[in-house]
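Take a look at the structure below.
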Protein chains: 2
Amino acid sequence: MRILVVEDEHKIAQSIKKGLEQERYAVDVAYTGTDGLDLASTEDYDVVVLDMMLPEMDGMSICKELRSKNIHTPILILTARGQLHEKVDGLNAGADDYLTKPFAFEELLARIKALIRRPHQTTGANLVVDNLTVDTLTYNVERDGTQIQLSHKEFALLEYLMRHQEHVLTKDQIIHHVWNYDADVLPNTVEVYIGYLRNKVDKPFKENKKLIHTIRGFGYKIGVNI
Amino acid sequence: MRILVVEDEHKIAQSIKKGLEQERYAVDVAYTGTDGLDLASTEDYDVVVLDMMLPEMDGMSICKELRSKNIHTPILILTARGQLHEKVDGLNAGADDYLTKPFAFEELLARIKALIRRPHQTTGANLVVDNLTVDTLTYNVERDGTQIQLSHKEFALLEYLMRHQEHVLTKDQIIHHVWNYDADVLPNTVEVYIGYLRNKVDKPFKENKKLIHTIRGFGYKIGVNI
DNA sequence: ACAGCTTCTCAGCATATTCTCAGACGTCTG
DNA sequence: CAGACGTCTGAGAATATGCTGAGAAGCTGT
């Protein structure tokens, strides 16, 4: 899951970035409005956290511009206390949720999770494929009743695959969503991580169907079908 | 599917080319307006991606020139931010869609797919002939309920045939659309690949009608009729 | 500082794919 | 029925793609 944070106060931006990274999100930061707009336009994020007060171009204009470009990434706007009209204007401009500064990080996190969850199906925070379940709130991964320990990256990869179950995802798509924008990892790294996941998710459960499939020449997918 | 990209910034052009090739498109690049016009006039593309700002000859003129030559290839224009009049002028000059820079590759891809799909029918991303279905989003190919595994090239060939179902396509047309412009493969290669497809699509389904037909002296077509 | 874990790259292997070639096969024409 | 032409197909070489063990580098907690 990739998140873009557009916030000119470096300290706030960095602390949000750090907090979100601990929650296994891939986070990019933009410190000006135009940088934010460019990134949000060119990259494919799952959520954009957008401060209203920004140099060069304010949050509202970014919102409008993105929506007019037909980009529907969920947007969470941050407003200063007392700037009620900003909140209203922001929602009118196409934002999906708002938070007034100062805020507790947990509050931000909860709203981001809600936004990520929204357009998809799935029972609450649980992603399910066959007898494999992933709880995105508690990071609990289980198959056939037994718990599975995953590293951060493994979890991020599995979550991305599960949110698009039965869809074939190219290595490039995976790199863009599971790693950071500037991460620049090799396609082989994806192969390696797919291998790690298989070792934990498929190999120990030989009586069950394999869930992670390679579609040679195209990419990978998770699902019960071939 | 063949796409021409006319863009003078080498970096952008190359990244678009690379991305589209991963999506199984055959891509040619022109770095100047005149080269772009020449290629678009002489070769047969499914979509032209056209930057407005170009050396030698701007995008608008290319658009007009092509349309006046009675070439109706869908054109997607790329404009710099803020050059709103360019977009309007471009559409007036005969372009079919536009995108403002910077843009997300996925956005470009979606629009290209929309342009390719437009004149045809088909339910969304699904191509259907008789009981054979091809899902161009998930790369899922099914006949009579059973899944079929295809390689990259086989898939590209089948997709091209299906998008022009009931039309007879010459080997040359197939080479130009499924392989790269400069690929230079023998006509026999097409015969071989048609054979591969038959082995997977027709042979295992003997109770069903054959869908891939050879029209001796002309080429091949896919469809329910002979 | 150290052990243990995670992240990522690399090199080598195994396998699939791409493409060509040569000969077989079929069909049309005289 | 023979010859010419177009198409089909099995074999195989070259290349691409994916998998894996090993290991370097970084981070974390003690």
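Labels for the structure tokens follow display order: chains A, B, ..., residues from 1 in each chain, ligands from 1.
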Name the residues in contact with DT29 in chain C at a cut-off of 12 Å, using only C-alpha atoms (C1' of nucleotides), excluding same-chain residues fewer than 2 positions from it; report them as an mmCIF file with N, CA and C atoms (P, O5', C5', C4', C3', O3' and C1' of nucleotides), in the first residue's frame.
```cif
data_model
loop_
_atom_site.group_PDB
_atom_site.id
_atom_site.type_symbol
_atom_site.label_atom_id
_atom_site.label_comp_id
_atom_site.auth_asym_id
_atom_site.auth_seq_id
_atom_site.Cartn_x
_atom_site.Cartn_y
_atom_site.Cartn_z
ATOM 1 P P DT C 27 -6.826 -30.427 -49.030
ATOM 2 O "O5'" DT C 27 -6.633 -29.395 -50.215
ATOM 3 C "C5'" DT C 27 -6.118 -28.110 -49.929
ATOM 4 C "C4'" DT C 27 -5.903 -27.349 -51.217
ATOM 5 C "C3'" DT C 27 -6.945 -27.657 -52.303
ATOM 6 O "O3'" DT C 27 -7.180 -26.455 -53.008
ATOM 7 C "C1'" DT C 27 -4.801 -28.047 -53.126
ATOM 8 P P DC D 1 -3.239 -40.476 -60.651
ATOM 9 O "O5'" DC D 1 -3.183 -40.202 -62.214
ATOM 10 C "C5'" DC D 1 -2.135 -40.480 -63.132
ATOM 11 C "C4'" DC D 1 -1.199 -39.316 -63.335
ATOM 12 C "C3'" DC D 1 -0.335 -39.002 -62.108
ATOM 13 O "O3'" DC D 1 0.991 -38.715 -62.565
ATOM 14 C "C1'" DC D 1 -1.538 -37.057 -62.737
ATOM 15 P P DA D 2 2.263 -38.773 -61.623
ATOM 16 O "O5'" DA D 2 2.950 -37.408 -62.032
ATOM 17 C "C5'" DA D 2 3.138 -37.114 -63.416
ATOM 18 C "C4'" DA D 2 3.475 -35.645 -63.545
ATOM 19 C "C3'" DA D 2 4.521 -35.158 -62.549
ATOM 20 O "O3'" DA D 2 5.360 -34.225 -63.209
ATOM 21 C "C1'" DA D 2 2.489 -33.973 -62.207
ATOM 22 P P DG D 3 6.738 -33.752 -62.542
ATOM 23 O "O5'" DG D 3 6.445 -32.199 -62.356
ATOM 24 C "C5'" DG D 3 5.826 -31.470 -63.400
ATOM 25 C "C4'" DG D 3 5.377 -30.138 -62.851
ATOM 26 C "C3'" DG D 3 6.346 -29.496 -61.857
ATOM 27 O "O3'" DG D 3 6.481 -28.135 -62.220
ATOM 28 C "C1'" DG D 3 4.204 -29.686 -60.869
ATOM 29 P P DA D 4 7.494 -27.148 -61.475
ATOM 30 O "O5'" DA D 4 6.449 -26.182 -60.767
ATOM 31 C "C5'" DA D 4 5.353 -25.644 -61.526
ATOM 32 C "C4'" DA D 4 4.502 -24.800 -60.596
ATOM 33 C "C3'" DA D 4 5.299 -23.989 -59.568
ATOM 34 O "O3'" DA D 4 4.705 -22.710 -59.441
ATOM 35 C "C1'" DA D 4 3.789 -25.406 -58.444
ATOM 36 P P DC D 5 5.469 -21.498 -58.696
ATOM 37 O "O5'" DC D 5 4.474 -21.187 -57.491
ATOM 38 C "C5'" DC D 5 3.067 -21.128 -57.733
ATOM 39 C "C4'" DC D 5 2.358 -21.437 -56.438
ATOM 40 C "C3'" DC D 5 2.928 -20.705 -55.224
ATOM 41 O "O3'" DC D 5 1.952 -19.811 -54.739
ATOM 42 C "C1'" DC D 5 2.446 -22.973 -54.738
#
```
Write out chain B, as a PDB file with C-alpha atoms, in the first residue's frame, after superposing it onto chain A by least squares using every C-alpha atom paired in order.
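Result saved to part14.pdb:
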```
ATOM      1  CA  MET B   1       0.564   0.208  -0.032  1.00  0.00           C
ATOM      2  CA  ARG B   2       1.944   3.582  -1.196  1.00  0.00           C
ATOM      3  CA  ILE B   3       1.040   6.866   0.361  1.00  0.00           C
ATOM      4  CA  LEU B   4       1.857  10.390  -0.719  1.00  0.00           C
ATOM      5  CA  VAL B   5       2.084  13.044   1.972  1.00  0.00           C
ATOM      6  CA  VAL B   6       1.865  16.645   0.771  1.00  0.00           C
ATOM      7  CA  GLU B   7       2.764  18.904   3.668  1.00  0.00           C
ATOM      8  CA  ASP B   8       5.067  21.904   3.795  1.00  0.00           C
ATOM      9  CA  GLU B   9       5.942  21.723   7.480  1.00  0.00           C
ATOM     10  CA  HIS B  10       8.934  19.439   7.370  1.00  0.00           C
ATOM     11  CA  LYS B  11       8.611  18.313  10.947  1.00  0.00           C
ATOM     12  CA  ILE B  12       5.013  17.204  10.568  1.00  0.00           C
ATOM     13  CA  ALA B  13       5.697  15.611   7.209  1.00  0.00           C
ATOM     14  CA  GLN B  14       8.624  13.651   8.559  1.00  0.00           C
ATOM     15  CA  SER B  15       6.806  12.412  11.613  1.00  0.00           C
ATOM     16  CA  ILE B  16       3.874  11.231   9.497  1.00  0.00           C
ATOM     17  CA  LYS B  17       6.286   9.537   7.105  1.00  0.00           C
ATOM     18  CA  LYS B  18       8.112   7.814   9.923  1.00  0.00           C
ATOM     19  CA  GLY B  19       4.926   6.633  11.569  1.00  0.00           C
ATOM     20  CA  LEU B  20       3.468   5.296   8.348  1.00  0.00           C
ATOM     21  CA  GLU B  21       6.671   3.534   7.424  1.00  0.00           C
ATOM     22  CA  GLN B  22       6.571   1.719  10.699  1.00  0.00           C
ATOM     23  CA  GLU B  23       3.143   0.546   9.648  1.00  0.00           C
ATOM     24  CA  ARG B  24       4.743  -0.934   6.537  1.00  0.00           C
ATOM     25  CA  TYR B  25       3.558   1.712   4.105  1.00  0.00           C
ATOM     26  CA  ALA B  26       5.807   3.041   1.378  1.00  0.00           C
ATOM     27  CA  VAL B  27       5.726   6.803   1.816  1.00  0.00           C
ATOM     28  CA  ASP B  28       6.691   9.692  -0.456  1.00  0.00           C
ATOM     29  CA  VAL B  29       6.694  13.285   0.727  1.00  0.00           C
ATOM     30  CA  ALA B  30       6.164  16.483  -1.261  1.00  0.00           C
ATOM     31  CA  TYR B  31       6.796  19.832   0.394  1.00  0.00           C
ATOM     32  CA  THR B  32       5.121  22.087  -2.148  1.00  0.00           C
ATOM     33  CA  GLY B  33       1.791  22.041  -3.909  1.00  0.00           C
ATOM     34  CA  THR B  34       3.234  21.685  -7.380  1.00  0.00           C
ATOM     35  CA  ASP B  35       5.523  18.834  -6.393  1.00  0.00           C
ATOM     36  CA  GLY B  36       2.560  17.157  -4.741  1.00  0.00           C
ATOM     37  CA  LEU B  37       0.410  17.510  -7.815  1.00  0.00           C
ATOM     38  CA  ASP B  38       3.174  16.208 -10.072  1.00  0.00           C
ATOM     39  CA  LEU B  39       3.760  13.135  -7.951  1.00  0.00           C
ATOM     40  CA  ALA B  40       0.073  12.413  -7.457  1.00  0.00           C
ATOM     41  CA  SER B  41      -0.450  12.713 -11.210  1.00  0.00           C
ATOM     42  CA  THR B  42       2.440  10.578 -12.346  1.00  0.00           C
ATOM     43  CA  GLU B  43       2.740   7.947  -9.642  1.00  0.00           C
ATOM     44  CA  ASP B  44       0.145   5.493  -8.503  1.00  0.00           C
ATOM     45  CA  TYR B  45      -0.713   5.930  -4.830  1.00  0.00           C
ATOM     46  CA  ASP B  46      -3.218   4.186  -2.643  1.00  0.00           C
ATOM     47  CA  VAL B  47      -3.901   7.293  -0.568  1.00  0.00           C
ATOM     48  CA  VAL B  48      -2.858  10.951  -0.708  1.00  0.00           C
ATOM     49  CA  VAL B  49      -2.628  12.924   2.537  1.00  0.00           C
ATOM     50  CA  LEU B  50      -2.978  16.563   1.569  1.00  0.00           C
ATOM     51  CA  ASP B  51      -2.455  19.673   3.651  1.00  0.00           C
ATOM     52  CA  MET B  52      -4.676  22.589   2.646  1.00  0.00           C
ATOM     53  CA  MET B  53      -2.180  25.374   3.320  1.00  0.00           C
ATOM     54  CA  LEU B  54       0.699  24.900   0.914  1.00  0.00           C
ATOM     55  CA  PRO B  55       3.193  27.066  -0.909  1.00  0.00           C
ATOM     56  CA  GLU B  56       2.830  27.479  -4.683  1.00  0.00           C
ATOM     57  CA  MET B  57      -0.543  25.755  -4.950  1.00  0.00           C
ATOM     58  CA  ASP B  58      -3.106  25.067  -2.249  1.00  0.00           C
ATOM     59  CA  GLY B  59      -4.636  21.728  -1.436  1.00  0.00           C
ATOM     60  CA  MET B  60      -8.015  22.571  -2.831  1.00  0.00           C
ATOM     61  CA  SER B  61      -6.641  23.274  -6.299  1.00  0.00           C
ATOM     62  CA  ILE B  62      -4.654  20.057  -6.211  1.00  0.00           C
ATOM     63  CA  CYS B  63      -7.794  18.145  -5.344  1.00  0.00           C
ATOM     64  CA  LYS B  64      -9.767  19.671  -8.179  1.00  0.00           C
ATOM     65  CA  GLU B  65      -6.931  19.276 -10.641  1.00  0.00           C
ATOM     66  CA  LEU B  66      -6.494  15.592  -9.819  1.00  0.00           C
ATOM     67  CA  ARG B  67     -10.173  14.833 -10.097  1.00  0.00           C
ATOM     68  CA  SER B  68     -10.408  16.698 -13.371  1.00  0.00           C
ATOM     69  CA  LYS B  69      -7.529  14.548 -14.608  1.00  0.00           C
ATOM     70  CA  ASN B  70      -9.672  11.555 -13.742  1.00  0.00           C
ATOM     71  CA  ILE B  71      -7.395  10.421 -10.937  1.00  0.00           C
ATOM     72  CA  HIS B  72      -9.520   8.898  -8.200  1.00  0.00           C
ATOM     73  CA  THR B  73      -6.914   8.120  -5.568  1.00  0.00           C
ATOM     74  CA  PRO B  74      -8.535   8.565  -2.151  1.00  0.00           C
ATOM     75  CA  ILE B  75      -7.548  11.952  -0.707  1.00  0.00           C
ATOM     76  CA  LEU B  76      -7.444  12.791   2.978  1.00  0.00           C
ATOM     77  CA  ILE B  77      -7.148  16.507   3.640  1.00  0.00           C
ATOM     78  CA  LEU B  78      -5.593  18.143   6.671  1.00  0.00           C
ATOM     79  CA  THR B  79      -7.039  21.466   7.788  1.00  0.00           C
ATOM     80  CA  ALA B  80      -6.062  23.880  10.529  1.00  0.00           C
ATOM     81  CA  ARG B  81      -8.422  24.200  13.435  1.00  0.00           C
ATOM     82  CA  GLY B  82     -11.259  26.598  12.860  1.00  0.00           C
ATOM     83  CA  GLN B  83     -10.904  26.519   9.098  1.00  0.00           C
ATOM     84  CA  LEU B  84     -14.236  24.771   8.844  1.00  0.00           C
ATOM     85  CA  HIS B  85     -14.974  26.181   5.419  1.00  0.00           C
ATOM     86  CA  GLU B  86     -11.749  24.617   4.170  1.00  0.00           C
ATOM     87  CA  LYS B  87     -12.989  21.223   5.188  1.00  0.00           C
ATOM     88  CA  VAL B  88     -16.321  21.723   3.451  1.00  0.00           C
ATOM     89  CA  ASP B  89     -14.706  23.172   0.357  1.00  0.00           C
ATOM     90  CA  GLY B  90     -12.198  20.357   0.306  1.00  0.00           C
ATOM     91  CA  LEU B  91     -14.859  17.698   0.407  1.00  0.00           C
ATOM     92  CA  ASN B  92     -16.671  19.507  -2.365  1.00  0.00           C
ATOM     93  CA  ALA B  93     -13.472  19.622  -4.365  1.00  0.00           C
ATOM     94  CA  GLY B  94     -13.331  15.833  -4.321  1.00  0.00           C
ATOM     95  CA  ALA B  95     -11.543  14.870  -1.107  1.00  0.00           C
ATOM     96  CA  ASP B  96     -12.724  11.724   0.641  1.00  0.00           C
ATOM     97  CA  ASP B  97     -12.085  12.507   4.284  1.00  0.00           C
ATOM     98  CA  TYR B  98     -10.591  15.230   6.452  1.00  0.00           C
ATOM     99  CA  LEU B  99      -8.793  15.657   9.740  1.00  0.00           C
ATOM    100  CA  THR B 100      -8.281  18.881  11.670  1.00  0.00           C
ATOM    101  CA  LYS B 101      -4.863  19.698  13.049  1.00  0.00           C
ATOM    102  CA  PRO B 102      -3.628  18.805  15.520  1.00  0.00           C
ATOM    103  CA  PHE B 103      -4.508  15.160  15.369  1.00  0.00           C
ATOM    104  CA  ALA B 104      -3.431  11.869  16.905  1.00  0.00           C
ATOM    105  CA  PHE B 105      -1.320   9.755  14.638  1.00  0.00           C
ATOM    106  CA  GLU B 106      -3.526   6.766  15.432  1.00  0.00           C
ATOM    107  CA  GLU B 107      -6.490   8.748  14.145  1.00  0.00           C
ATOM    108  CA  LEU B 108      -4.731   9.490  10.888  1.00  0.00           C
ATOM    109  CA  LEU B 109      -3.737   5.864  10.589  1.00  0.00           C
ATOM    110  CA  ALA B 110      -7.283   4.646  11.190  1.00  0.00           C
ATOM    111  CA  ARG B 111      -8.645   6.949   8.529  1.00  0.00           C
ATOM    112  CA  ILE B 112      -5.994   5.954   6.028  1.00  0.00           C
ATOM    113  CA  LYS B 113      -6.781   2.304   6.665  1.00  0.00           C
ATOM    114  CA  ALA B 114     -10.475   3.049   6.188  1.00  0.00           C
ATOM    115  CA  LEU B 115      -9.775   4.759   2.867  1.00  0.00           C
ATOM    116  CA  ILE B 116      -7.614   1.899   1.664  1.00  0.00           C
ATOM    117  CA  ARG B 117     -10.221  -0.611   2.702  1.00  0.00           C
ATOM    118  CA  ARG B 118     -13.184   1.207   1.301  1.00  0.00           C
ATOM    119  CA  PRO B 119     -13.556   0.088  -2.275  1.00  0.00           C
ATOM    120  CA  HIS B 120     -12.773  -3.502  -1.393  1.00  0.00           C
ATOM    121  CA  GLN B 121     -14.792  -5.996   0.551  1.00  0.00           C
ATOM    122  CA  THR B 122     -13.153  -7.896   3.428  1.00  0.00           C
ATOM    123  CA  THR B 123     -14.427  -8.312   6.968  1.00  0.00           C
ATOM    124  CA  GLY B 124     -12.933  -5.490   8.964  1.00  0.00           C
ATOM    125  CA  ALA B 125      -9.193  -5.912   9.277  1.00  0.00           C
ATOM    126  CA  ASN B 126      -9.205  -9.436   7.902  1.00  0.00           C
ATOM    127  CA  LEU B 127      -8.126 -10.320   4.415  1.00  0.00           C
ATOM    128  CA  VAL B 128      -9.244 -13.745   3.275  1.00  0.00           C
ATOM    129  CA  VAL B 129      -8.407 -15.942   0.302  1.00  0.00           C
ATOM    130  CA  ASP B 130      -9.605 -19.504   0.490  1.00  0.00           C
ATOM    131  CA  ASN B 131      -8.396 -20.808   3.874  1.00  0.00           C
ATOM    132  CA  LEU B 132      -5.647 -18.202   4.156  1.00  0.00           C
ATOM    133  CA  THR B 133      -6.387 -15.246   6.439  1.00  0.00           C
ATOM    134  CA  VAL B 134      -4.337 -12.138   7.128  1.00  0.00           C
ATOM    135  CA  ASP B 135      -5.203  -9.929  10.085  1.00  0.00           C
ATOM    136  CA  THR B 136      -3.721  -6.520   9.387  1.00  0.00           C
ATOM    137  CA  LEU B 137      -4.225  -5.361  12.967  1.00  0.00           C
ATOM    138  CA  THR B 138      -2.544  -8.199  14.830  1.00  0.00           C
ATOM    139  CA  TYR B 139      -0.241  -9.259  11.977  1.00  0.00           C
ATOM    140  CA  ASN B 140      -1.614 -12.714  12.384  1.00  0.00           C
ATOM    141  CA  VAL B 141      -1.372 -14.908   9.286  1.00  0.00           C
ATOM    142  CA  GLU B 142      -3.069 -18.288   9.252  1.00  0.00           C
ATOM    143  CA  ARG B 143      -3.736 -21.013   6.767  1.00  0.00           C
ATOM    144  CA  ASP B 144      -5.939 -23.950   7.526  1.00  0.00           C
ATOM    145  CA  GLY B 145      -5.762 -23.087  11.219  1.00  0.00           C
ATOM    146  CA  THR B 146      -1.965 -23.037  11.519  1.00  0.00           C
ATOM    147  CA  GLN B 147      -0.109 -19.821  12.089  1.00  0.00           C
ATOM    148  CA  ILE B 148       2.489 -18.585   9.636  1.00  0.00           C
ATOM    149  CA  GLN B 149       5.468 -16.422  10.559  1.00  0.00           C
ATOM    150  CA  LEU B 150       6.327 -13.768   8.005  1.00  0.00           C
ATOM    151  CA  SER B 151       9.014 -11.122   7.893  1.00  0.00           C
ATOM    152  CA  HIS B 152       8.170  -7.461   7.370  1.00  0.00           C
ATOM    153  CA  LYS B 153       8.576  -7.454   3.617  1.00  0.00           C
ATOM    154  CA  GLU B 154       6.904 -10.808   3.170  1.00  0.00           C
ATOM    155  CA  PHE B 155       3.919  -9.503   5.096  1.00  0.00           C
ATOM    156  CA  ALA B 156       3.767  -6.302   3.066  1.00  0.00           C
ATOM    157  CA  LEU B 157       3.909  -8.275  -0.167  1.00  0.00           C
ATOM    158  CA  LEU B 158       1.235 -10.734   0.925  1.00  0.00           C
ATOM    159  CA  GLU B 159      -1.018  -7.905   2.089  1.00  0.00           C
ATOM    160  CA  TYR B 160      -0.697  -6.167  -1.259  1.00  0.00           C
ATOM    161  CA  LEU B 161      -1.466  -9.344  -3.171  1.00  0.00           C
ATOM    162  CA  MET B 162      -4.444 -10.097  -0.960  1.00  0.00           C
ATOM    163  CA  ARG B 163      -5.918  -6.615  -1.270  1.00  0.00           C
ATOM    164  CA  HIS B 164      -5.953  -7.167  -5.023  1.00  0.00           C
ATOM    165  CA  GLN B 165      -6.811 -10.818  -5.009  1.00  0.00           C
ATOM    166  CA  GLU B 166      -7.539 -12.417  -8.388  1.00  0.00           C
ATOM    167  CA  HIS B 167      -5.869  -9.412 -10.028  1.00  0.00           C
ATOM    168  CA  VAL B 168      -2.623  -9.888 -11.883  1.00  0.00           C
ATOM    169  CA  LEU B 169       0.025  -7.515 -10.573  1.00  0.00           C
ATOM    170  CA  THR B 170       3.192  -6.803 -12.520  1.00  0.00           C
ATOM    171  CA  LYS B 171       6.571  -6.866 -10.857  1.00  0.00           C
ATOM    172  CA  ASP B 172       6.804  -3.137 -11.401  1.00  0.00           C
ATOM    173  CA  GLN B 173       3.502  -2.537  -9.668  1.00  0.00           C
ATOM    174  CA  ILE B 174       4.620  -4.695  -6.797  1.00  0.00           C
ATOM    175  CA  ILE B 175       7.940  -2.880  -6.494  1.00  0.00           C
ATOM    176  CA  HIS B 176       6.182   0.478  -6.498  1.00  0.00           C
ATOM    177  CA  HIS B 177       3.651  -0.495  -3.871  1.00  0.00           C
ATOM    178  CA  VAL B 178       5.571  -2.729  -1.538  1.00  0.00           C
ATOM    179  CA  TRP B 179       8.914  -0.953  -1.730  1.00  0.00           C
ATOM    180  CA  ASN B 180       9.524   2.758  -1.600  1.00  0.00           C
ATOM    181  CA  TYR B 181       9.218   4.914  -4.674  1.00  0.00           C
ATOM    182  CA  ASP B 182      12.951   5.570  -4.707  1.00  0.00           C
ATOM    183  CA  ALA B 183      13.854   2.096  -3.468  1.00  0.00           C
ATOM    184  CA  ASP B 184      15.111   0.916  -6.855  1.00  0.00           C
ATOM    185  CA  VAL B 185      15.091  -2.847  -6.427  1.00  0.00           C
ATOM    186  CA  LEU B 186      15.476  -5.372  -9.198  1.00  0.00           C
ATOM    187  CA  PRO B 187      12.500  -7.292 -10.571  1.00  0.00           C
ATOM    188  CA  ASN B 188      14.317 -10.430  -9.529  1.00  0.00           C
ATOM    189  CA  THR B 189      13.921  -9.361  -5.920  1.00  0.00           C
ATOM    190  CA  VAL B 190      10.178  -9.720  -6.362  1.00  0.00           C
ATOM    191  CA  GLU B 191      10.697 -13.202  -7.756  1.00  0.00           C
ATOM    192  CA  VAL B 192      12.785 -14.069  -4.725  1.00  0.00           C
ATOM    193  CA  TYR B 193      10.148 -12.793  -2.326  1.00  0.00           C
ATOM    194  CA  ILE B 194       7.388 -14.585  -4.160  1.00  0.00           C
ATOM    195  CA  GLY B 195       9.504 -17.672  -3.647  1.00  0.00           C
ATOM    196  CA  TYR B 196       9.787 -16.964   0.067  1.00  0.00           C
ATOM    197  CA  LEU B 197       6.023 -16.549   0.326  1.00  0.00           C
ATOM    198  CA  ARG B 198       5.388 -19.770  -1.564  1.00  0.00           C
ATOM    199  CA  ASN B 199       7.678 -21.612   0.825  1.00  0.00           C
ATOM    200  CA  LYS B 200       5.570 -20.438   3.737  1.00  0.00           C
ATOM    201  CA  VAL B 201       2.093 -20.150   2.295  1.00  0.00           C
ATOM    202  CA  ASP B 202       1.788 -22.845  -0.374  1.00  0.00           C
ATOM    203  CA  LYS B 203       4.481 -25.518   0.063  1.00  0.00           C
ATOM    204  CA  PRO B 204       3.583 -26.610   3.620  1.00  0.00           C
ATOM    205  CA  PHE B 205      -0.070 -27.039   2.622  1.00  0.00           C
ATOM    206  CA  LYS B 206       0.194 -29.544  -0.178  1.00  0.00           C
ATOM    207  CA  GLU B 207      -3.316 -30.916   0.340  1.00  0.00           C
ATOM    208  CA  ASN B 208      -4.668 -27.461  -0.452  1.00  0.00           C
ATOM    209  CA  LYS B 209      -4.798 -25.576  -3.700  1.00  0.00           C
ATOM    210  CA  LYS B 210      -1.877 -23.337  -4.536  1.00  0.00           C
ATOM    211  CA  LEU B 211      -2.878 -19.712  -4.052  1.00  0.00           C
ATOM    212  CA  ILE B 212       0.090 -17.808  -5.467  1.00  0.00           C
ATOM    213  CA  HIS B 213       0.178 -17.988  -9.238  1.00  0.00           C
ATOM    214  CA  THR B 214       2.726 -16.861 -11.795  1.00  0.00           C
ATOM    215  CA  ILE B 215       1.203 -15.437 -14.937  1.00  0.00           C
ATOM    216  CA  ARG B 216       4.116 -15.763 -17.273  1.00  0.00           C
ATOM    217  CA  GLY B 217       4.968 -12.527 -19.016  1.00  0.00           C
ATOM    218  CA  PHE B 218       2.572 -10.506 -16.894  1.00  0.00           C
ATOM    219  CA  GLY B 219       3.182 -10.923 -13.207  1.00  0.00           C
ATOM    220  CA  TYR B 220       1.691 -12.608 -10.172  1.00  0.00           C
ATOM    221  CA  LYS B 221      -1.647 -12.937  -8.473  1.00  0.00           C
ATOM    222  CA  ILE B 222      -3.128 -14.543  -5.434  1.00  0.00           C
ATOM    223  CA  GLY B 223      -6.445 -16.339  -5.585  1.00  0.00           C
ATOM    224  CA  VAL B 224      -8.236 -19.679  -5.810  1.00  0.00           C
ATOM    225  CA  ASN B 225      -8.538 -19.625  -9.596  1.00  0.00           C
ATOM    226  CA  ILE B 226      -5.618 -20.341 -11.870  1.00  0.00           C
TER     227      ILE B 226
END
```
- Note on the structure: From C1' of DC2 in chain C to C1' of DG26 in chain D the spacing works out at 14.3 Å
- Residue hits in chain D, query chain B, radius 9 Å, only C-alpha atoms (C1' of nucleotides), as an MDAnalysis selection string: chainID D and resid 6:9
Deliver the residues from the most recent selection as a file, using N, CA and C atoms (P, O5', C5', C4', C3', O3' and C1' of nucleotides), as a tab-separated table (two decimals), in the first residue's frame.
```
chain	number	residue	atom	x	y	z
D	6	DG	P	2.33	-18.73	-53.60
D	6	DG	O5'	1.58	-19.36	-52.36
D	6	DG	C5'	0.20	-19.68	-52.47
D	6	DG	C4'	-0.20	-20.53	-51.30
D	6	DG	C3'	0.23	-19.96	-49.94
D	6	DG	O3'	-0.92	-19.91	-49.11
D	6	DG	C1'	0.91	-22.22	-50.15
D	7	DT	P	-0.85	-19.33	-47.66
D	7	DT	O5'	-0.74	-20.67	-46.80
D	7	DT	C5'	-1.76	-21.65	-46.94
D	7	DT	C4'	-1.42	-22.87	-46.13
D	7	DT	C3'	-1.11	-22.60	-44.65
D	7	DT	O3'	-2.02	-23.37	-43.88
D	7	DT	C1'	0.50	-24.04	-45.60
D	8	DC	P	-1.97	-23.37	-42.33
D	8	DC	O5'	-1.12	-24.68	-42.01
D	8	DC	C5'	-1.65	-25.94	-42.40
D	8	DC	C4'	-0.70	-27.03	-41.94
D	8	DC	C3'	-0.39	-27.03	-40.44
D	8	DC	O3'	-0.63	-28.34	-39.96
D	8	DC	C1'	1.62	-27.08	-41.72
D	9	DT	P	-0.59	-28.68	-38.42
D	9	DT	O5'	0.90	-29.18	-38.21
D	9	DT	C5'	1.40	-30.26	-38.98
D	9	DT	C4'	2.83	-30.54	-38.61
D	9	DT	C3'	3.15	-30.32	-37.13
D	9	DT	O3'	4.01	-31.39	-36.73
D	9	DT	C1'	4.66	-29.13	-38.44
```
- Would you list the contacts of DT15 in chain D as a ChimeraX atom specification, taking every protein, DNA or RNA residue within 12 Å and counting only C-alpha atoms (C1' of nucleotides), but skipping same-chain residues closer than 3 positions in sequence? /C:16-19
- Message: Write out as a ChimeraX atom specification the set of residues from range 44-221 of chain A that DSSP, computed on the backbone, places in strand (DSSP E or B).
- Response: /A:47-51,75-80,97-101,126-129,132-135,140-143,146-148,169,212-215,219-221
- Mind checking which residues fall within 12 Å of DA22 in chain C, counting only C-alpha atoms (C1' of nucleotides), ignoring those fewer than 2 positions away in the same chain, and posting them as a list in words? DT20 and DA24 of chain C; DT9, DG10, DA11 and DG12 of chain D
- Message: Distance cut-off 10 Å, counting only C-alpha atoms (C1' of nucleotides) - which residues of chain C neighbour chain A? Return them as a PyMOL selection string.
- Response: chain C and resi 5-10+16-17
- Test item, alpha helix (DSSP H) assignment across range 121-225 of chain B, answer as an NGL selection string: :B and (152-163 or 171-178 or 187-201)
